[in-house]
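Each remark here refers to the structure printed beneath this line.
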Amino acid sequence: MRRTELGHSSVEVTELSFGASAIGNLFTPVTDEAATAAVDAAWGAGVRYFDTAPHYGLGLSERRLGAALRDRPRAEYALSTKVGRLLVPYDEPSGDDLADGFDVPATHRRVWDFSADGVRRSIEDSLHRLGLDRIDIVYLHDPDDHAEQAFRQAYPALERLRAEGTVGAIGAGMNQTAMLTRFLRDTDVDAVLCAGRHTLLDHQALDELLPEAAARGRSVVVGGAFNSGLLADPRPGATYDYAPAPGPLLDRALRIKAVTERHGVPLRAAALRYPLGHPAVASVLVGVRSAYEIQDAASMLASPVPDALWDELRAEGLLPA
């Protein structure tokens, strides 16, 4: 599987990467055995980049991912986690965390913290949960409403950690493009993780984010290539960005699917391959909850996609020129 160095760092990522939010019990439970089997299947498929965060299942994702990777050769894979939400234990835990999307007991509360001390504490906590000796990539996680603190305190803290050699690469991960573009312009991040904004249905990243990254020699990791489900299986009731897909978007997805099928290509294959068509994109991050899902993603990404398919999508007005 193709590997690419992130920005000007020496951290390499594979073109397909493992998103570990689902093994933090995103929306529905996943067993420990299924989580381990998913990581094992990813490794067998050649995936060597794994992404997690404290937010995912109140640390469950980090614990499971670290356990599944612990006996793997550490030099052979890259691991990223995120900072910005500290996990603070409740004195008297009760209920569940489904209000924040994770089917786990509400043992902790999330506290937004993009201070320099918060960054270091978050990384220390993540290393403890992961049980690993280092984290290769650290992203600022969803700093949308904390821009001033993120740029003035959290980012400089990450830059110092990179200079010390504590982490290999730094960046920011968000569901929007405007602030990620600002990170590319105003800081020395190695990469940004952009979720859902460079897909067959959403082309926002093409306006400024991707050209800026390419011009500056930075990398983009693209998440949400299926837009949370619509591009995996477009049908009534399918979700787009974790909400029921509006009718016009469903119709557009079905039109794209019709084109891909005329060329003998599964829609999932085109959805995964499309982001990698831009030179700034280093990896496509796929959320995985089972061995089957990562094996399917690897198989889809390996499927050939003819240039004629992209030409027809452009001719139909379904992709920008």
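Residues are named by chain letter and number: chains run A, B, ... in the order of the structure tokens, numbers start at 1 in each chain, and ligands are numbered from 1 in the order shown.
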Using only C-alpha atoms, I'd like a table of the residues in segment 49-106 of chain A that come within 12 Å of segment 157-176 of chain A; for each, show the closest atom pair and its distance in Å rounded to one decimal, ordered by chain and ascending number, as a Markdown table.
```
| residue | atom | partner | partner_atom | distance |
| --- | --- | --- | --- | --- |
| A:Asp51 | CA | A:Gly173 | CA | 11.0 |
| A:Thr52 | CA | A:Gly173 | CA | 11.3 |
| A:Ala53 | CA | A:Gly173 | CA | 10.6 |
| A:Ala78 | CA | A:Gly168 | CA | 9.5 |
| A:Leu79 | CA | A:Gly168 | CA | 10.1 |
| A:Ser80 | CA | A:Ala169 | CA | 9.0 |
| A:Thr81 | CA | A:Gly173 | CA | 10.0 |
| A:Lys82 | CA | A:Gly173 | CA | 8.1 |
| A:Val83 | CA | A:Ala172 | CA | 9.2 |
| A:Gly84 | CA | A:Ala172 | CA | 10.3 |
```
Surrounding residues of segment 227-233 of chain A excluding itself and chain neighbours under 5 positions, 7 Å, only C-alpha atoms, as a ChimeraX atom specification: /A:196,238-242,253,267-268,271
Using DSSP on the backbone, list every residue of segment 62-249 of chain A that comes out as strand (DSSP E or B), and give them as a PyMOL selection string. chain A and resi 78-83+85-89+96-97+102-105+108-112+137-141+169-174+191-195+219-223+239-240+243-244
For the helix (DSSP H, G or I) assignment from backbone DSSP, which residues of segment 69-162 of chain A qualify? Please present them as a ChimeraX atom specification. /A:69,74-76,98-100,116-130,147-162
Give me a file of those residues, with C-alpha atoms, as a PDB file, in the first residue's frame.
```pdb
ATOM      1  CA  LEU A  69      -1.223  -2.592  18.467  1.00  0.00           C
ATOM      2  CA  ARG A  74       6.458   0.036  16.681  1.00  0.00           C
ATOM      3  CA  ALA A  75       8.568   1.378  13.812  1.00  0.00           C
ATOM      4  CA  GLU A  76       6.195  -0.071  11.222  1.00  0.00           C
ATOM      5  CA  LEU A  98     -25.069   8.499  24.183  1.00  0.00           C
ATOM      6  CA  ALA A  99     -25.807  12.227  24.229  1.00  0.00           C
ATOM      7  CA  ASP A 100     -22.272  12.642  22.850  1.00  0.00           C
ATOM      8  CA  ALA A 116      -0.385  24.611  26.738  1.00  0.00           C
ATOM      9  CA  ASP A 117      -0.741  22.718  30.021  1.00  0.00           C
ATOM     10  CA  GLY A 118      -3.902  21.077  28.727  1.00  0.00           C
ATOM     11  CA  VAL A 119      -2.091  19.852  25.624  1.00  0.00           C
ATOM     12  CA  ARG A 120       0.698  18.232  27.632  1.00  0.00           C
ATOM     13  CA  ARG A 121      -1.719  16.701  30.117  1.00  0.00           C
ATOM     14  CA  SER A 122      -3.888  15.329  27.318  1.00  0.00           C
ATOM     15  CA  ILE A 123      -0.899  13.674  25.634  1.00  0.00           C
ATOM     16  CA  GLU A 124       0.265  12.166  28.932  1.00  0.00           C
ATOM     17  CA  ASP A 125      -3.223  10.790  29.569  1.00  0.00           C
ATOM     18  CA  SER A 126      -3.428   9.390  26.029  1.00  0.00           C
ATOM     19  CA  LEU A 127      -0.062   7.650  26.357  1.00  0.00           C
ATOM     20  CA  HIS A 128      -1.281   6.047  29.576  1.00  0.00           C
ATOM     21  CA  ARG A 129      -4.500   4.806  27.945  1.00  0.00           C
ATOM     22  CA  LEU A 130      -2.720   3.618  24.815  1.00  0.00           C
ATOM     23  CA  ALA A 147      -9.719  29.609  17.926  1.00  0.00           C
ATOM     24  CA  GLU A 148      -7.822  32.177  19.995  1.00  0.00           C
ATOM     25  CA  GLN A 149      -6.621  29.675  22.597  1.00  0.00           C
ATOM     26  CA  ALA A 150      -5.867  27.067  19.935  1.00  0.00           C
ATOM     27  CA  PHE A 151      -3.655  29.411  17.898  1.00  0.00           C
ATOM     28  CA  ARG A 152      -2.033  31.250  20.820  1.00  0.00           C
ATOM     29  CA  GLN A 153      -1.488  28.390  23.271  1.00  0.00           C
ATOM     30  CA  ALA A 154      -2.215  24.896  21.952  1.00  0.00           C
ATOM     31  CA  TYR A 155      -0.446  25.202  18.627  1.00  0.00           C
ATOM     32  CA  PRO A 156       2.805  26.636  20.105  1.00  0.00           C
ATOM     33  CA  ALA A 157       2.754  23.813  22.659  1.00  0.00           C
ATOM     34  CA  LEU A 158       2.533  21.244  19.860  1.00  0.00           C
ATOM     35  CA  GLU A 159       5.337  22.986  17.995  1.00  0.00           C
ATOM     36  CA  ARG A 160       7.555  22.719  21.090  1.00  0.00           C
ATOM     37  CA  LEU A 161       6.709  19.036  21.506  1.00  0.00           C
ATOM     38  CA  ARG A 162       7.663  18.418  17.886  1.00  0.00           C
TER      39      ARG A 162
END
```
Go through A:Thr177, A:Ser283, A:Thr260, A:Ser9 and flag the residue nearest Trp310 of chain A, using only C-alpha atoms for the distances.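 That would be A:Thr260, the residue with the smallest distance to Trp310 of chain A.
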Using only C-alpha atoms, determine which residues lie at most 9 Å from Pro304 of chain A, disregarding the query and same-chain residues fewer than 3 positions distant; provide the list as a PyMOL selection string. chain A and resi 265+269+300-301
Out of A:Arg48, A:His146, A:Arg2, A:His198, which residue has the shortest atom-to-atom distance to Val221 of chain A when counting only C-alpha atoms?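 Among the listed residues, A:His198 lies closest to Val221 of chain A.
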Of the candidates A:Arg85, A:Arg134, A:Arg182, A:Arg235, which shows the shortest atom-to-atom distance to Leu210 of chain A, using only C-alpha atoms? A:Arg182
Near Tyr56 of chain A, within 8 Å and counting only C-alpha atoms, which residues show up once chain neighbours fewer than 2 positions away are dropped, as a PyMOL selection string? chain A and resi 20-22+24-26+52-54+58-62+102
Take the residues from that selection and put them in a file with N, CA, C and O atoms, as a PDB file, in the first residue's frame.
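See selection.pdb below for the written result:
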```pdb
ATOM      1  N   ALA A  20     -10.544   5.054  14.385  1.00  0.00           N
ATOM      2  CA  ALA A  20     -10.928   4.215  15.523  1.00  0.00           C
ATOM      3  C   ALA A  20     -12.082   4.771  16.349  1.00  0.00           C
ATOM      4  O   ALA A  20     -12.297   4.326  17.474  1.00  0.00           O
ATOM      5  N   SER A  21     -12.839   5.734  15.810  1.00  0.00           N
ATOM      6  CA  SER A  21     -13.978   6.237  16.591  1.00  0.00           C
ATOM      7  C   SER A  21     -15.015   5.144  16.831  1.00  0.00           C
ATOM      8  O   SER A  21     -15.598   5.049  17.916  1.00  0.00           O
ATOM      9  N   ALA A  22     -15.241   4.289  15.823  1.00  0.00           N
ATOM     10  CA  ALA A  22     -16.301   3.271  15.946  1.00  0.00           C
ATOM     11  C   ALA A  22     -15.972   2.237  17.006  1.00  0.00           C
ATOM     12  O   ALA A  22     -16.880   1.730  17.686  1.00  0.00           O
ATOM     13  N   GLY A  24     -14.713   2.847  19.673  1.00  0.00           N
ATOM     14  CA  GLY A  24     -15.042   3.502  20.935  1.00  0.00           C
ATOM     15  C   GLY A  24     -16.542   3.463  21.193  1.00  0.00           C
ATOM     16  O   GLY A  24     -17.060   4.249  21.979  1.00  0.00           O
ATOM     17  N   ASN A  25     -17.222   2.528  20.512  1.00  0.00           N
ATOM     18  CA  ASN A  25     -18.678   2.349  20.657  1.00  0.00           C
ATOM     19  C   ASN A  25     -19.464   3.553  20.146  1.00  0.00           C
ATOM     20  O   ASN A  25     -20.399   4.033  20.789  1.00  0.00           O
ATOM     21  N   LEU A  26     -19.066   4.051  18.972  1.00  0.00           N
ATOM     22  CA  LEU A  26     -19.812   5.130  18.340  1.00  0.00           C
ATOM     23  C   LEU A  26     -21.213   4.640  17.985  1.00  0.00           C
ATOM     24  O   LEU A  26     -21.377   3.738  17.164  1.00  0.00           O
ATOM     25  N   THR A  52      -7.008   7.897  16.482  1.00  0.00           N
ATOM     26  CA  THR A  52      -7.941   7.808  17.589  1.00  0.00           C
ATOM     27  C   THR A  52      -8.035   9.167  18.266  1.00  0.00           C
ATOM     28  O   THR A  52      -7.507  10.160  17.783  1.00  0.00           O
ATOM     29  N   ALA A  53      -8.728   9.220  19.419  1.00  0.00           N
ATOM     30  CA  ALA A  53      -8.868  10.465  20.181  1.00  0.00           C
ATOM     31  C   ALA A  53      -9.469  10.145  21.543  1.00  0.00           C
ATOM     32  O   ALA A  53     -10.244   9.188  21.673  1.00  0.00           O
ATOM     33  N   PRO A  54      -9.149  10.942  22.560  1.00  0.00           N
ATOM     34  CA  PRO A  54      -9.784  10.748  23.867  1.00  0.00           C
ATOM     35  C   PRO A  54     -11.314  10.836  23.800  1.00  0.00           C
ATOM     36  O   PRO A  54     -12.015  10.125  24.534  1.00  0.00           O
ATOM     37  N   LEU A  58     -14.936   8.122  25.477  1.00  0.00           N
ATOM     38  CA  LEU A  58     -14.324   8.515  26.749  1.00  0.00           C
ATOM     39  C   LEU A  58     -13.050   7.704  27.027  1.00  0.00           C
ATOM     40  O   LEU A  58     -12.832   7.198  28.123  1.00  0.00           O
ATOM     41  N   GLY A  59     -12.231   7.579  26.001  1.00  0.00           N
ATOM     42  CA  GLY A  59     -10.957   6.887  26.134  1.00  0.00           C
ATOM     43  C   GLY A  59     -10.983   5.425  25.733  1.00  0.00           C
ATOM     44  O   GLY A  59      -9.921   4.800  25.607  1.00  0.00           O
ATOM     45  N   LEU A  60     -12.170   4.862  25.513  1.00  0.00           N
ATOM     46  CA  LEU A  60     -12.262   3.441  25.156  1.00  0.00           C
ATOM     47  C   LEU A  60     -11.534   3.143  23.847  1.00  0.00           C
ATOM     48  O   LEU A  60     -10.841   2.132  23.720  1.00  0.00           O
ATOM     49  N   SER A  61     -11.680   4.019  22.868  1.00  0.00           N
ATOM     50  CA  SER A  61     -11.017   3.816  21.579  1.00  0.00           C
ATOM     51  C   SER A  61      -9.503   3.754  21.752  1.00  0.00           C
ATOM     52  O   SER A  61      -8.833   2.882  21.194  1.00  0.00           O
ATOM     53  N   GLU A  62      -8.942   4.686  22.521  1.00  0.00           N
ATOM     54  CA  GLU A  62      -7.495   4.667  22.741  1.00  0.00           C
ATOM     55  C   GLU A  62      -7.058   3.382  23.444  1.00  0.00           C
ATOM     56  O   GLU A  62      -6.049   2.777  23.075  1.00  0.00           O
ATOM     57  N   PHE A 102     -21.688   8.090  22.063  1.00  0.00           N
ATOM     58  CA  PHE A 102     -20.954   6.866  22.363  1.00  0.00           C
ATOM     59  C   PHE A 102     -21.695   6.027  23.400  1.00  0.00           C
ATOM     60  O   PHE A 102     -22.100   6.537  24.451  1.00  0.00           O
TER      61      PHE A 102
END
```
Record the distance separating atom CA of Glu92 of chain A and atom CA of Gly66 of chain A, expressed in Å with one decimal.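 Taking atom CA of Glu92 of chain A and atom CA of Gly66 of chain A, their separation equals 27.1 Å.
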Counting only C-alpha atoms, the option among A:Arg197, A:Arg289, A:Ser94, A:Ala315 closest to Phe27 of chain A: A:Arg289
Could you work out how far atom CA of Pro275 of chain A lies from atom CA of Val305 of chain A, giving the answer in Å with one decimal? 12.7 Å
Segment 42-47 of chain A surroundings by only C-alpha atoms, 6 Å radius, close-in-sequence under 5 positions cut, as a PDB file with N, CA, C and O atoms, in the first residue's frame:
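Here's the written file around_5.pdb:
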```pdb
ATOM      1  N   MET A   1       0.846  -1.192   0.000  1.00  0.00           N
ATOM      2  CA  MET A   1       0.000   0.000   0.000  1.00  0.00           C
ATOM      3  C   MET A   1       0.882   1.243   0.000  1.00  0.00           C
ATOM      4  O   MET A   1       1.861   1.316   0.746  1.00  0.00           O
ATOM      5  N   SER A  17      -6.254   4.590   5.925  1.00  0.00           N
ATOM      6  CA  SER A  17      -5.979   4.635   7.355  1.00  0.00           C
ATOM      7  C   SER A  17      -7.202   4.219   8.152  1.00  0.00           C
ATOM      8  O   SER A  17      -8.341   4.298   7.671  1.00  0.00           O
ATOM      9  N   ILE A 294     -13.025  -3.023   7.204  1.00  0.00           N
ATOM     10  CA  ILE A 294     -11.702  -2.592   6.740  1.00  0.00           C
ATOM     11  C   ILE A 294     -11.246  -3.441   5.564  1.00  0.00           C
ATOM     12  O   ILE A 294     -10.591  -2.946   4.644  1.00  0.00           O
TER      13      ILE A 294
END
```
